[in-house]
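Asks: I'm passing along entry07.pdb; it holds PDB, C-alpha atoms.
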```
ATOM      1  CA  MET H  23       6.769  -1.292  19.633
ATOM      2  CA  LYS H  24       4.267  -3.084  17.408
ATOM      3  CA  ASN H  25       3.290   0.072  15.581
ATOM      4  CA  VAL H  26       6.762   0.909  14.293
ATOM      5  CA  THR H  27       7.464  -2.696  13.336
ATOM      6  CA  LYS H  28       4.158  -2.780  11.481
ATOM      7  CA  LYS H  29       4.863   0.528   9.807
ATOM      8  CA  LEU H  30       8.292  -0.492   8.593
ATOM      9  CA  TRP H  31       7.045  -3.896   7.411
ATOM     10  CA  ALA H  32       4.395  -2.153   5.348
ATOM     11  CA  PHE H  33       7.215  -0.113   3.841
ATOM     12  CA  LEU H  34       9.133  -3.335   3.125
ATOM     13  CA  LEU H  35       6.080  -4.945   1.627
ATOM     14  CA  CYS H  36       5.352  -2.227  -0.853
ATOM     15  CA  PHE H  37       8.772  -0.973  -1.788
ATOM     16  CA  GLY H  38      11.370  -3.583  -0.844
ATOM     17  CA  MET H  39      14.101  -1.140   0.098
ATOM     18  CA  LEU H  40      14.753  -1.962   3.773
ATOM     19  CA  ALA H  41      15.130  -5.002   5.998
ATOM     20  CA  GLY H  42      12.811  -5.580   8.998
ATOM     21  CA  MET H  43      12.956  -3.061  11.785
ATOM     22  CA  ALA H  44      12.208  -3.477  15.474
ATOM     23  CA  ALA H  45      10.385  -1.065  17.761
ATOM     24  CA  CYS H  46      10.573   2.718  17.194
ATOM     25  CA  GLY H  47      13.313   2.330  14.603
ATOM     26  CA  LYS H  48      15.399   0.621  17.249
ATOM     27  CA  GLY H  49      16.605  -2.377  15.225
ATOM     28  CA  VAL H  50      17.184  -3.638  11.701
ATOM     29  CA  ASP H  51      17.509  -7.259  10.631
ATOM     30  CA  GLY H  52      16.841  -9.491   7.644
ATOM     31  CA  GLU H  53      13.766 -11.323   8.908
ATOM     32  CA  GLU H  54      10.136 -10.685   8.137
ATOM     33  CA  PRO H  55       8.546  -9.310  11.315
ATOM     34  CA  THR H  56       5.555 -10.801  13.050
ATOM     35  CA  PRO H  57       2.396  -9.127  11.714
ATOM     36  CA  SER H  58       0.772  -6.715  14.128
ATOM     37  CA  PRO H  59      -2.929  -6.307  14.850
ATOM     38  CA  VAL H  60      -4.879  -3.533  13.198
ATOM     39  CA  VAL H  61      -4.937  -0.293  15.174
ATOM     40  CA  GLY H  62      -8.242   1.568  15.291
ATOM     41  CA  ALA H  63      -8.375   4.344  12.714
ATOM     42  CA  THR H  64      -8.094   7.889  13.919
ATOM     43  CA  GLN H  65      -9.483   9.182  10.637
ATOM     44  CA  THR H  66     -12.271   7.162   9.037
ATOM     45  CA  PRO H  67     -12.065   7.032   5.229
ATOM     46  CA  LYS H  68     -15.133   6.774   3.045
ATOM     47  CA  ALA H  69     -15.990   3.147   2.447
ATOM     48  CA  THR H  70     -15.319   1.854  -1.046
ATOM     49  CA  PRO H  71     -18.442   0.087  -2.295
ATOM     50  CA  THR H  72     -17.886  -3.580  -3.098
ATOM     51  CA  ILE H  73     -18.610  -4.305  -6.741
ATOM     52  CA  GLU H  74     -20.669  -7.426  -7.284
ATOM     53  CA  PRO H  75     -19.224 -10.272  -9.351
ATOM     54  CA  GLU H  76     -20.099 -10.402 -13.024
ATOM     55  CA  ILE H  77     -19.352 -14.065 -13.609
ATOM     56  CA  GLY H  78     -21.920 -15.902 -15.666
ATOM     57  CA  SER H  79     -22.202 -19.692 -15.432
ATOM     58  CA  ALA H  80     -21.869 -20.019 -19.193
ATOM     59  CA  ASP H  81     -18.389 -18.569 -19.434
ATOM     60  CA  VAL H  82     -16.678 -19.812 -16.261
ATOM     61  CA  ASP H  83     -14.884 -22.639 -18.063
ATOM     62  CA  LEU H  84     -13.879 -20.760 -21.206
ATOM     63  CA  PRO H  85     -10.102 -20.289 -21.577
ATOM     64  CA  TYR H  86      -8.752 -16.771 -21.909
ATOM     65  CA  SER H  87      -5.491 -14.843 -21.637
ATOM     66  CA  VAL H  88      -4.554 -11.696 -19.723
ATOM     67  CA  THR H  89      -1.734  -9.299 -20.553
ATOM     68  CA  LEU H  90      -0.319  -8.027 -17.265
ATOM     69  CA  PRO H  91       1.143  -4.511 -16.761
ATOM     70  CA  ASP H  92       4.680  -5.895 -17.242
ATOM     71  CA  LYS H  93       3.529  -7.290 -20.636
ATOM     72  CA  THR H  94       3.571 -10.878 -19.378
ATOM     73  CA  VAL H  95       0.764 -12.900 -20.951
ATOM     74  CA  LEU H  96      -0.943 -15.375 -18.621
ATOM     75  CA  GLU H  97      -3.089 -18.162 -20.046
ATOM     76  CA  LEU H  98      -6.015 -19.308 -17.895
ATOM     77  CA  ALA H  99      -8.216 -22.353 -18.464
ATOM     78  CA  GLY H 100     -11.251 -20.526 -17.111
ATOM     79  CA  ILE H 101     -12.288 -17.899 -14.613
ATOM     80  CA  PRO H 102     -10.391 -18.750 -11.398
ATOM     81  CA  GLN H 103     -12.574 -20.107  -8.625
ATOM     82  CA  ARG H 104      -9.857 -20.784  -6.035
ATOM     83  CA  ILE H 105      -7.415 -17.888  -5.619
ATOM     84  CA  VAL H 106      -4.448 -17.614  -3.273
ATOM     85  CA  SER H 107      -3.511 -13.989  -2.625
ATOM     86  CA  MET H 108       0.156 -13.374  -1.851
ATOM     87  CA  GLY H 109      -0.098  -9.705  -0.889
ATOM     88  CA  PRO H 110      -2.251  -7.577   1.457
ATOM     89  CA  ASN H 111      -2.902  -5.034  -1.295
ATOM     90  CA  ILE H 112      -3.958  -7.838  -3.636
ATOM     91  CA  THR H 113      -6.387  -9.169  -1.044
ATOM     92  CA  ASP H 114      -7.874  -5.709  -0.484
ATOM     93  CA  MET H 115      -8.459  -5.234  -4.197
ATOM     94  CA  LEU H 116      -9.871  -8.730  -4.748
ATOM     95  CA  PHE H 117     -12.541  -8.092  -2.149
ATOM     96  CA  ALA H 118     -13.291  -4.646  -3.578
ATOM     97  CA  LEU H 119     -13.763  -6.253  -6.987
ATOM     98  CA  GLY H 120     -16.266  -8.764  -5.648
ATOM     99  CA  ALA H 121     -13.897 -11.744  -5.898
ATOM    100  CA  GLY H 122     -13.364 -12.131  -2.158
ATOM    101  CA  GLU H 123     -15.446 -15.280  -1.867
ATOM    102  CA  ARG H 124     -13.021 -17.004  -4.226
ATOM    103  CA  VAL H 125      -9.948 -16.216  -2.112
ATOM    104  CA  VAL H 126      -9.072 -19.541  -0.436
ATOM    105  CA  GLY H 127      -5.612 -18.582   0.856
ATOM    106  CA  ARG H 128      -3.738 -15.496   2.016
ATOM    107  CA  THR H 129      -0.505 -14.405   3.700
ATOM    108  CA  ASP H 130       0.032 -13.673   7.386
ATOM    109  CA  TYR H 131      -0.083  -9.961   6.536
ATOM    110  CA  CYS H 132      -3.469  -9.910   4.814
ATOM    111  CA  ASP H 133      -5.543  -8.389   7.623
ATOM    112  CA  THR H 134      -8.278  -6.533   5.733
ATOM    113  CA  PRO H 135     -11.153  -6.742   5.169
ATOM    114  CA  ALA H 136     -12.405  -8.480   8.307
ATOM    115  CA  GLU H 137     -13.442 -11.545   6.325
ATOM    116  CA  THR H 138      -9.786 -12.460   5.786
ATOM    117  CA  ALA H 139      -9.632 -13.751   9.374
ATOM    118  CA  ASN H 140     -11.575 -16.807   8.194
ATOM    119  CA  ILE H 141      -9.241 -17.526   5.267
ATOM    120  CA  PRO H 142      -6.319 -19.937   5.861
ATOM    121  CA  SER H 143      -2.851 -18.383   5.804
ATOM    122  CA  VAL H 144      -0.051 -19.916   3.761
ATOM    123  CA  GLY H 145       2.655 -18.093   5.711
ATOM    124  CA  THR H 146       4.881 -15.188   4.780
ATOM    125  CA  ILE H 147       5.151 -13.493   1.410
ATOM    126  CA  SER H 148       8.736 -14.287   0.524
ATOM    127  CA  LYS H 149       8.780 -17.780   2.057
ATOM    128  CA  PRO H 150       5.277 -19.253   1.930
ATOM    129  CA  ASP H 151       4.419 -22.830   2.820
ATOM    130  CA  ILE H 152       4.263 -24.503  -0.599
ATOM    131  CA  GLU H 153       2.535 -27.597   0.775
ATOM    132  CA  ALA H 154      -0.134 -25.411   2.380
ATOM    133  CA  ILE H 155      -0.694 -23.674  -0.949
ATOM    134  CA  LEU H 156      -1.009 -26.979  -2.814
ATOM    135  CA  ALA H 157      -3.473 -28.291  -0.220
ATOM    136  CA  LEU H 158      -5.803 -25.414  -1.109
ATOM    137  CA  GLU H 159      -5.902 -26.591  -4.746
ATOM    138  CA  PRO H 160      -5.721 -23.066  -6.223
ATOM    139  CA  ASP H 161      -6.322 -22.364  -9.896
ATOM    140  CA  LEU H 162      -4.613 -18.951  -9.634
ATOM    141  CA  ILE H 163      -1.964 -17.440  -7.374
ATOM    142  CA  ILE H 164      -1.535 -13.667  -7.386
ATOM    143  CA  GLY H 165       1.631 -12.180  -5.944
ATOM    144  CA  SER H 166       2.991  -8.712  -5.406
ATOM    145  CA  ILE H 167       6.241  -7.226  -4.122
ATOM    146  CA  HIS H 168       8.442  -9.667  -2.175
ATOM    147  CA  PHE H 169       6.851 -12.662  -3.838
ATOM    148  CA  SER H 170      10.104 -14.322  -4.826
ATOM    149  CA  GLU H 171      11.013 -15.519  -8.302
ATOM    150  CA  GLU H 172      12.051 -18.840  -6.751
ATOM    151  CA  THR H 173       8.560 -19.381  -5.330
ATOM    152  CA  ARG H 174       6.982 -18.245  -8.568
ATOM    153  CA  LYS H 175       8.988 -20.748 -10.596
ATOM    154  CA  GLN H 176       8.332 -23.561  -8.137
ATOM    155  CA  LEU H 177       4.568 -23.038  -8.348
ATOM    156  CA  LYS H 178       4.574 -22.629 -12.128
ATOM    157  CA  ASP H 179       6.532 -25.893 -12.456
ATOM    158  CA  LEU H 180       3.744 -27.544 -10.464
ATOM    159  CA  GLY H 181       1.282 -26.366 -13.090
ATOM    160  CA  ILE H 182      -0.397 -23.535 -11.161
ATOM    161  CA  PRO H 183      -0.949 -20.230 -12.998
ATOM    162  CA  VAL H 184       0.906 -17.410 -11.228
ATOM    163  CA  ALA H 185       0.435 -13.680 -11.822
ATOM    164  CA  VAL H 186       2.722 -11.125 -10.179
ATOM    165  CA  LEU H 187       1.757  -7.448 -10.008
ATOM    166  CA  TYR H 188       4.764  -5.433  -8.887
ATOM    167  CA  ASP H 189       4.654  -2.056  -7.173
ATOM    168  CA  SER H 190       4.159   1.015  -9.271
ATOM    169  CA  LYS H 191       5.995   4.332  -9.245
ATOM    170  CA  ASN H 192       2.832   6.391  -9.750
ATOM    171  CA  MET H 193      -0.958   6.274  -9.513
ATOM    172  CA  ASP H 194      -1.318   5.382 -13.196
ATOM    173  CA  GLY H 195       0.457   2.136 -12.407
ATOM    174  CA  VAL H 196      -1.977   1.467  -9.558
ATOM    175  CA  TYR H 197      -4.913   1.927 -11.920
ATOM    176  CA  ASP H 198      -3.272  -0.601 -14.261
ATOM    177  CA  MET H 199      -2.921  -3.085 -11.382
ATOM    178  CA  ILE H 200      -6.616  -2.766 -10.546
ATOM    179  CA  ARG H 201      -7.638  -3.327 -14.161
ATOM    180  CA  ALA H 202      -5.312  -6.326 -14.456
ATOM    181  CA  LEU H 203      -6.857  -7.904 -11.349
ATOM    182  CA  GLY H 204     -10.281  -7.371 -12.854
ATOM    183  CA  GLU H 205      -9.276  -9.232 -15.989
ATOM    184  CA  LEU H 206      -7.497 -12.003 -14.086
ATOM    185  CA  THR H 207     -10.599 -12.757 -12.030
ATOM    186  CA  GLY H 208     -13.175 -12.405 -14.798
ATOM    187  CA  GLN H 209     -14.243  -9.058 -13.360
ATOM    188  CA  LYS H 210     -13.102  -6.780 -16.174
ATOM    189  CA  GLU H 211     -16.009  -4.366 -15.883
ATOM    190  CA  ALA H 212     -15.626  -4.197 -12.106
ATOM    191  CA  GLY H 213     -11.869  -3.615 -12.466
ATOM    192  CA  ASP H 214     -12.376  -0.834 -14.980
ATOM    193  CA  THR H 215     -14.995   0.762 -12.736
ATOM    194  CA  LEU H 216     -12.883   0.618  -9.579
ATOM    195  CA  ALA H 217      -9.845   2.038 -11.409
ATOM    196  CA  GLU H 218     -11.962   4.838 -12.871
ATOM    197  CA  GLN H 219     -13.411   5.646  -9.452
ATOM    198  CA  ALA H 220      -9.944   5.913  -7.903
ATOM    199  CA  GLU H 221      -8.635   8.017 -10.785
ATOM    200  CA  GLN H 222     -11.673  10.302 -10.690
ATOM    201  CA  THR H 223     -11.262  10.794  -6.933
ATOM    202  CA  VAL H 224      -7.644  11.870  -7.371
ATOM    203  CA  ASN H 225      -8.407  14.125 -10.352
ATOM    204  CA  ASP H 226     -11.390  15.743  -8.607
ATOM    205  CA  THR H 227      -9.239  16.456  -5.553
ATOM    206  CA  ILE H 228      -6.504  18.057  -7.646
ATOM    207  CA  ALA H 229      -9.111  20.163  -9.444
ATOM    208  CA  LYS H 230     -10.724  21.203  -6.149
ATOM    209  CA  TYR H 231      -7.517  22.770  -4.890
ATOM    210  CA  SER H 232      -6.521  24.273  -8.226
ATOM    211  CA  GLY H 233      -9.278  26.878  -8.238
ATOM    212  CA  GLU H 234      -9.048  30.611  -7.632
ATOM    213  CA  GLU H 235      -9.738  30.133  -3.936
ATOM    214  CA  TYR H 236      -6.291  28.578  -3.601
ATOM    215  CA  ALA H 237      -4.446  30.907  -5.973
ATOM    216  CA  ASP H 238      -2.208  32.096  -3.128
ATOM    217  CA  PHE H 239      -1.658  28.616  -1.724
ATOM    218  CA  GLU H 240       1.894  27.931  -0.614
ATOM    219  CA  ALA H 241       2.763  24.269  -0.221
ATOM    220  CA  PRO H 242       3.671  23.383   3.364
ATOM    221  CA  THR H 243       6.917  21.520   3.955
ATOM    222  CA  VAL H 244       6.159  17.884   4.739
ATOM    223  CA  TYR H 245       8.074  14.934   6.149
ATOM    224  CA  TYR H 246       6.847  11.340   5.916
ATOM    225  CA  VAL H 247       8.037   9.004   8.684
ATOM    226  CA  VAL H 248       8.890   5.442   7.700
ATOM    227  CA  GLY H 249      11.272   4.732  10.568
ATOM    228  CA  PHE H 250      12.937   6.763  13.313
ATOM    229  CA  GLY H 251      15.150   6.484  16.342
ATOM    230  CA  GLU H 252      18.672   5.380  17.150
ATOM    231  CA  TYR H 253      19.105   3.334  13.975
ATOM    232  CA  GLY H 254      18.335   6.191  11.630
ATOM    233  CA  ASP H 255      15.623   8.147   9.899
ATOM    234  CA  TYR H 256      13.746   6.557   7.019
ATOM    235  CA  THR H 257      11.386   8.406   4.725
ATOM    236  CA  ALA H 258       9.994   8.491   1.182
ATOM    237  CA  GLY H 259      12.324  10.159  -1.296
ATOM    238  CA  GLY H 260      11.039  12.250  -4.166
ATOM    239  CA  SER H 261      11.218   9.456  -6.724
ATOM    240  CA  THR H 262       9.182   6.997  -4.650
ATOM    241  CA  PHE H 263       5.479   6.355  -5.024
ATOM    242  CA  ILE H 264       4.703   7.930  -1.644
ATOM    243  CA  GLY H 265       6.961  10.892  -2.335
ATOM    244  CA  GLN H 266       5.155  11.620  -5.584
ATOM    245  CA  LEU H 267       1.776  11.243  -3.904
ATOM    246  CA  LEU H 268       2.725  13.785  -1.215
ATOM    247  CA  THR H 269       3.735  16.289  -3.877
ATOM    248  CA  ALA H 270       0.618  15.724  -5.984
ATOM    249  CA  ALA H 271      -1.541  16.260  -2.879
ATOM    250  CA  GLY H 272       0.022  19.694  -2.362
ATOM    251  CA  GLY H 273       2.883  19.070   0.038
ATOM    252  CA  LYS H 274       6.518  20.067  -0.368
ATOM    253  CA  ASN H 275       8.434  16.910   0.485
ATOM    254  CA  ILE H 276      11.607  17.848   2.352
ATOM    255  CA  ALA H 277      13.109  14.563   1.115
ATOM    256  CA  GLN H 278      12.517  15.427  -2.525
ATOM    257  CA  GLU H 279      16.222  15.117  -3.343
ATOM    258  CA  VAL H 280      16.740  11.958  -1.296
ATOM    259  CA  GLU H 281      17.697   8.873  -3.281
ATOM    260  CA  GLY H 282      16.188   5.807  -1.704
ATOM    261  CA  TRP H 283      14.712   5.749   1.758
ATOM    262  CA  MET H 284      17.209   7.031   4.311
ATOM    263  CA  ILE H 285      17.645  10.675   5.236
ATOM    264  CA  ASP H 286      20.421  12.199   7.311
ATOM    265  CA  HIS H 287      19.139  13.326  10.706
ATOM    266  CA  GLU H 288      20.845  16.705  10.364
ATOM    267  CA  THR H 289      19.104  17.229   7.017
ATOM    268  CA  LEU H 290      15.768  16.566   8.695
ATOM    269  CA  LEU H 291      16.497  19.031  11.496
ATOM    270  CA  GLU H 292      17.713  21.683   9.069
ATOM    271  CA  ALA H 293      14.641  21.332   6.833
ATOM    272  CA  ASP H 294      12.384  21.616   9.925
ATOM    273  CA  PRO H 295       9.123  20.498   8.245
ATOM    274  CA  GLN H 296       5.845  22.197   9.058
ATOM    275  CA  ILE H 297       3.887  18.931   8.879
ATOM    276  CA  ILE H 298       4.998  15.411   9.777
ATOM    277  CA  ILE H 299       2.936  12.476   8.512
ATOM    278  CA  ILE H 300       3.178   9.287  10.570
ATOM    279  CA  GLY H 301       1.309   6.020  11.035
ATOM    280  CA  GLU H 302      -1.385   5.445  13.614
ATOM    281  CA  GLY H 303      -0.220   5.118  17.192
ATOM    282  CA  GLN H 304       3.292   6.434  16.507
ATOM    283  CA  ALA H 305       3.046  10.193  17.033
ATOM    284  CA  GLU H 306       3.492  10.120  20.805
ATOM    285  CA  SER H 307       6.580   7.928  20.579
ATOM    286  CA  PHE H 308       8.078  10.041  17.795
ATOM    287  CA  CYS H 309       7.573  13.284  19.696
ATOM    288  CA  ALA H 310       9.049  11.806  22.883
ATOM    289  CA  THR H 311      12.159  10.420  21.180
ATOM    290  CA  PRO H 312      15.287  12.522  21.778
ATOM    291  CA  GLY H 313      16.363  14.367  18.658
ATOM    292  CA  TYR H 314      12.923  15.370  17.397
ATOM    293  CA  GLU H 315      11.599  17.604  20.170
ATOM    294  CA  GLU H 316      12.904  20.815  18.584
ATOM    295  CA  LEU H 317      11.151  20.284  15.244
ATOM    296  CA  SER H 318       8.490  22.902  14.499
ATOM    297  CA  ALA H 319       5.916  20.235  13.649
ATOM    298  CA  VAL H 320       6.429  18.689  17.077
ATOM    299  CA  LYS H 321       6.176  22.023  18.870
ATOM    300  CA  ASN H 322       3.085  23.056  16.885
ATOM    301  CA  ASN H 323       1.281  19.742  17.322
ATOM    302  CA  MET H 324       1.485  19.025  13.598
ATOM    303  CA  VAL H 325       2.689  15.424  13.795
ATOM    304  CA  VAL H 326      -0.416  13.956  12.173
ATOM    305  CA  GLU H 327      -1.423  10.307  12.259
ATOM    306  CA  PHE H 328      -3.014   8.544   9.302
ATOM    307  CA  ASP H 329      -3.807   4.916   8.578
ATOM    308  CA  THR H 330      -0.790   4.800   6.304
ATOM    309  CA  TYR H 331      -0.320   1.060   6.840
ATOM    310  CA  HIS H 332      -3.524   0.137   5.025
ATOM    311  CA  MET H 333      -4.141   3.161   2.815
ATOM    312  CA  LEU H 334      -0.777   4.461   1.633
ATOM    313  CA  ASP H 335       1.962   1.875   2.075
ATOM    314  CA  ARG H 336      -0.126  -0.692   0.205
ATOM    315  CA  GLN H 337      -0.703   0.191  -3.421
ATOM    316  CA  SER H 338      -4.406  -0.173  -4.149
ATOM    317  CA  HIS H 339      -7.628   1.759  -4.708
ATOM    318  CA  LYS H 340      -7.323   2.973  -1.096
ATOM    319  CA  ASN H 341      -4.479   5.281  -2.120
ATOM    320  CA  ALA H 342      -7.100   7.588  -3.618
ATOM    321  CA  GLU H 343      -8.886   7.852  -0.270
ATOM    322  CA  ILE H 344      -5.811   8.914   1.677
ATOM    323  CA  PHE H 345      -4.857  11.266  -1.164
ATOM    324  CA  VAL H 346      -8.060  13.205  -0.398
ATOM    325  CA  GLN H 347      -7.206  13.332   3.314
ATOM    326  CA  LEU H 348      -3.643  14.516   2.705
ATOM    327  CA  ALA H 349      -4.718  17.182   0.220
ATOM    328  CA  GLU H 350      -7.277  18.536   2.690
ATOM    329  CA  LEU H 351      -4.662  18.687   5.443
ATOM    330  CA  PHE H 352      -2.101  20.450   3.267
ATOM    331  CA  HIS H 353      -4.555  23.013   1.871
ATOM    332  CA  THR H 354      -6.706  23.834   4.896
ATOM    333  CA  GLN H 355      -4.414  23.676   7.913
ATOM    334  CA  PRO H 356      -3.074  27.118   8.891
ATOM    335  CA  MET H 357       0.713  27.009   9.052
ATOM    336  CA  GLN H 358       2.870  28.654  11.706
TER     337      GLN H 358
END
```
How does this structure look as structure tokens?

Replies:
Amino acid sequence: MKNVTKKLWAFLLCFGMLAGMAACGKGVDGEEPTPSPVVGATQTPKATPTIEPEIGSADVDLPYSVTLPDKTVLELAGIPQRIVSMGPNITDMLFALGAGERVVGRTDYCDTPAETANIPSVGTISKPDIEAILALEPDLIIGSIHFSEETRKQLKDLGIPVAVLYDSKNMDGVYDMIRALGELTGQKEAGDTLAEQAEQTVNDTIAKYSGEEYADFEAPTVYYVVGFGEYGDYTAGGSTFIGQLLTAAGGKNIAQEVEGWMIDHETLLEADPQIIIIGEGQAESFCATPGYEELSAVKNNMVVEFDTYHMLDRQSHKNAEIFVQLAELFHTQPMQ
């Protein structure tokens, strides 16, 4: 039950297209679900090295401005020393950039890295506790998807600088988010480096499977599970970030023509994907749910679990890591 709720909330968090869903796709409502604990990874990604801070004592108090990806210009009095992160992907990237020690507040859903357990939570993303935020005396608040305009305005009116980095439609946008975070936190070099590392990883993977060895490669048909069960089938359409990532990694997304996030169950059965990608701990439930047992991927044991909650549904440098894993699966797994 927790796994599907967690999976669908991650989908909500990054793309904002659905309301909360209860266990195994068995319920939809308008509330933010209770965050679930982290499930142990079935596939261990390569660790991303933390980049050390580059802040010098001489320039901490110098004012500067940052132009965000949406062209908003944010004026800062100095390099932020007390940051409240309003998104799990933001928190992940702040720690990767070496700014984790300056994160003094987080949301209920910021569960990685492990150090976040010691950081006070200010509540949910869309309805945080404003008094709790003020008590932390932040000099910068960084939001992402589902950080409401109402909350943004309220905090700005209280004199707190607020930056919002919305979700991107492609990996180029993710690289821009990483670079923007680097600039916001006085870690420009670290941000540029982390973005370049992620981009190089993706480009190297594409190049690896573009060689003569894979000249006869035929993309396997792929289905990405967001939600399933009696309340409908939810997936990543071709125009979504995840849909584009699946295609770039070498898969043929059966939902390529889907607009939005819901696919007709009959369409899924007719497409009969060779590979089904699903979050950790959900494969057994999916395969046992009536209506999916006749799918070829189920019969051939090709319902494959990944840590999609942390590495794909959240837009960050970790997307490059799961891109490598997906590309390897699509290009090396013999299809039936």

Asks: Report as a Markdown table: every residue of region 217-324 of chain H with an atom at most 10 Å from region 191-201 of chain H, its closest pair of atoms, and their distance in Å to one decimal, counting all atoms listed in the file, with rows sorted by chain and ascending residue number.

Replies:
```
| residue | atom | partner | partner_atom | distance |
| --- | --- | --- | --- | --- |
| H:Ala217 | CA | H:Tyr197 | CA | 5.0 |
| H:Glu218 | CA | H:Tyr197 | CA | 7.7 |
| H:Gln219 | CA | H:Tyr197 | CA | 9.6 |
| H:Ala220 | CA | H:Tyr197 | CA | 7.6 |
| H:Glu221 | CA | H:Tyr197 | CA | 7.2 |
| H:Val224 | CA | H:Met193 | CA | 9.0 |
| H:Ser261 | CA | H:Lys191 | CA | 7.7 |
| H:Thr262 | CA | H:Lys191 | CA | 6.2 |
| H:Phe263 | CA | H:Lys191 | CA | 4.7 |
| H:Ile264 | CA | H:Asn192 | CA | 8.5 |
| H:Gly265 | CA | H:Lys191 | CA | 9.6 |
| H:Gln266 | CA | H:Asn192 | CA | 7.1 |
| H:Leu267 | CA | H:Asn192 | CA | 7.7 |
```

Asks: Would you please work out which residue, of H:Ile147, H:Leu180, H:Ala229, H:Val325, is nearest to Cys309 (chain H) when using only C-alpha atoms?

Replies: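 Nearest to Cys309 (chain H): H:Val325.
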
Asks: Find the residues around region 234-247 of chain H up to 10 Å (all atoms listed in the file counted), leave out those fewer than 4 positions away in its own chain, and share them as a ChimeraX atom specification.

Replies: /H:26,29-30,230,255-259,264-265,268-269,271-278,290,293-301,304-305,308,319,325-326,351-358

Asks: The PyMOL selection byres ((chain H and resi 133) around 9) - which residues does that actually catch in the file I just gave you? List them as an NGL selection string.

Replies: :H and (57 or 59-60 or 110 or 113-114 or 129-132 or 134-139)

Asks: If you measure from CA of Glu172 (chain H) to CA of Pro150 (chain H), what distance in Å do you get, rounded to one decimal?

Replies: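 For CA of Glu172 (chain H) relative to CA of Pro150 (chain H), the distance reads 11.0 Å.
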
Asks: Which residues of region 207-227 of chain H come within 10 Å of region 88-104 of chain H, and what is each one's closest atom pair and distance in Å (one decimal), counting all atoms listed in the file, sorted by chain and residue number, as a tab-separated table?

Replies:
```
residue	atom	partner	partner_atom	distance
H:Thr207	CA	H:Ile101	CA	6.0
H:Gly208	CA	H:Ile101	CA	5.6
H:Gln209	CA	H:Ile101	CA	9.1
```

Asks: Between H:Met108, H:Gly145, H:Gly122, H:Asn323, single out the one closest to Leu187 (chain H), counting all atoms listed in the file.

Replies: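 The closest residue to Leu187 (chain H) is H:Met108.
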
Asks: How many Å separate CA of Val184 (chain H) from CA of Thr215 (chain H)?

Replies: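 Value for the CA of Val184 (chain H)-CA of Thr215 (chain H) distance: 24.2 Å.
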
Asks: Go through H:His168, H:Met324, H:Val106, H:Leu162 one by one, measure the shortest atom-to-atom distance of each to Lys149 (chain H) using only C-alpha atoms, and give the residue with the smallest value.

Replies: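 The closest residue to Lys149 (chain H) is H:His168.
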
Asks: One decimal, Å: what's the distance from CA of Tyr331 (chain H) over to CA of Tyr314 (chain H), could you say?

Replies: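 About the pair CA of Tyr331 (chain H) and CA of Tyr314 (chain H): they are 22.2 Å apart.
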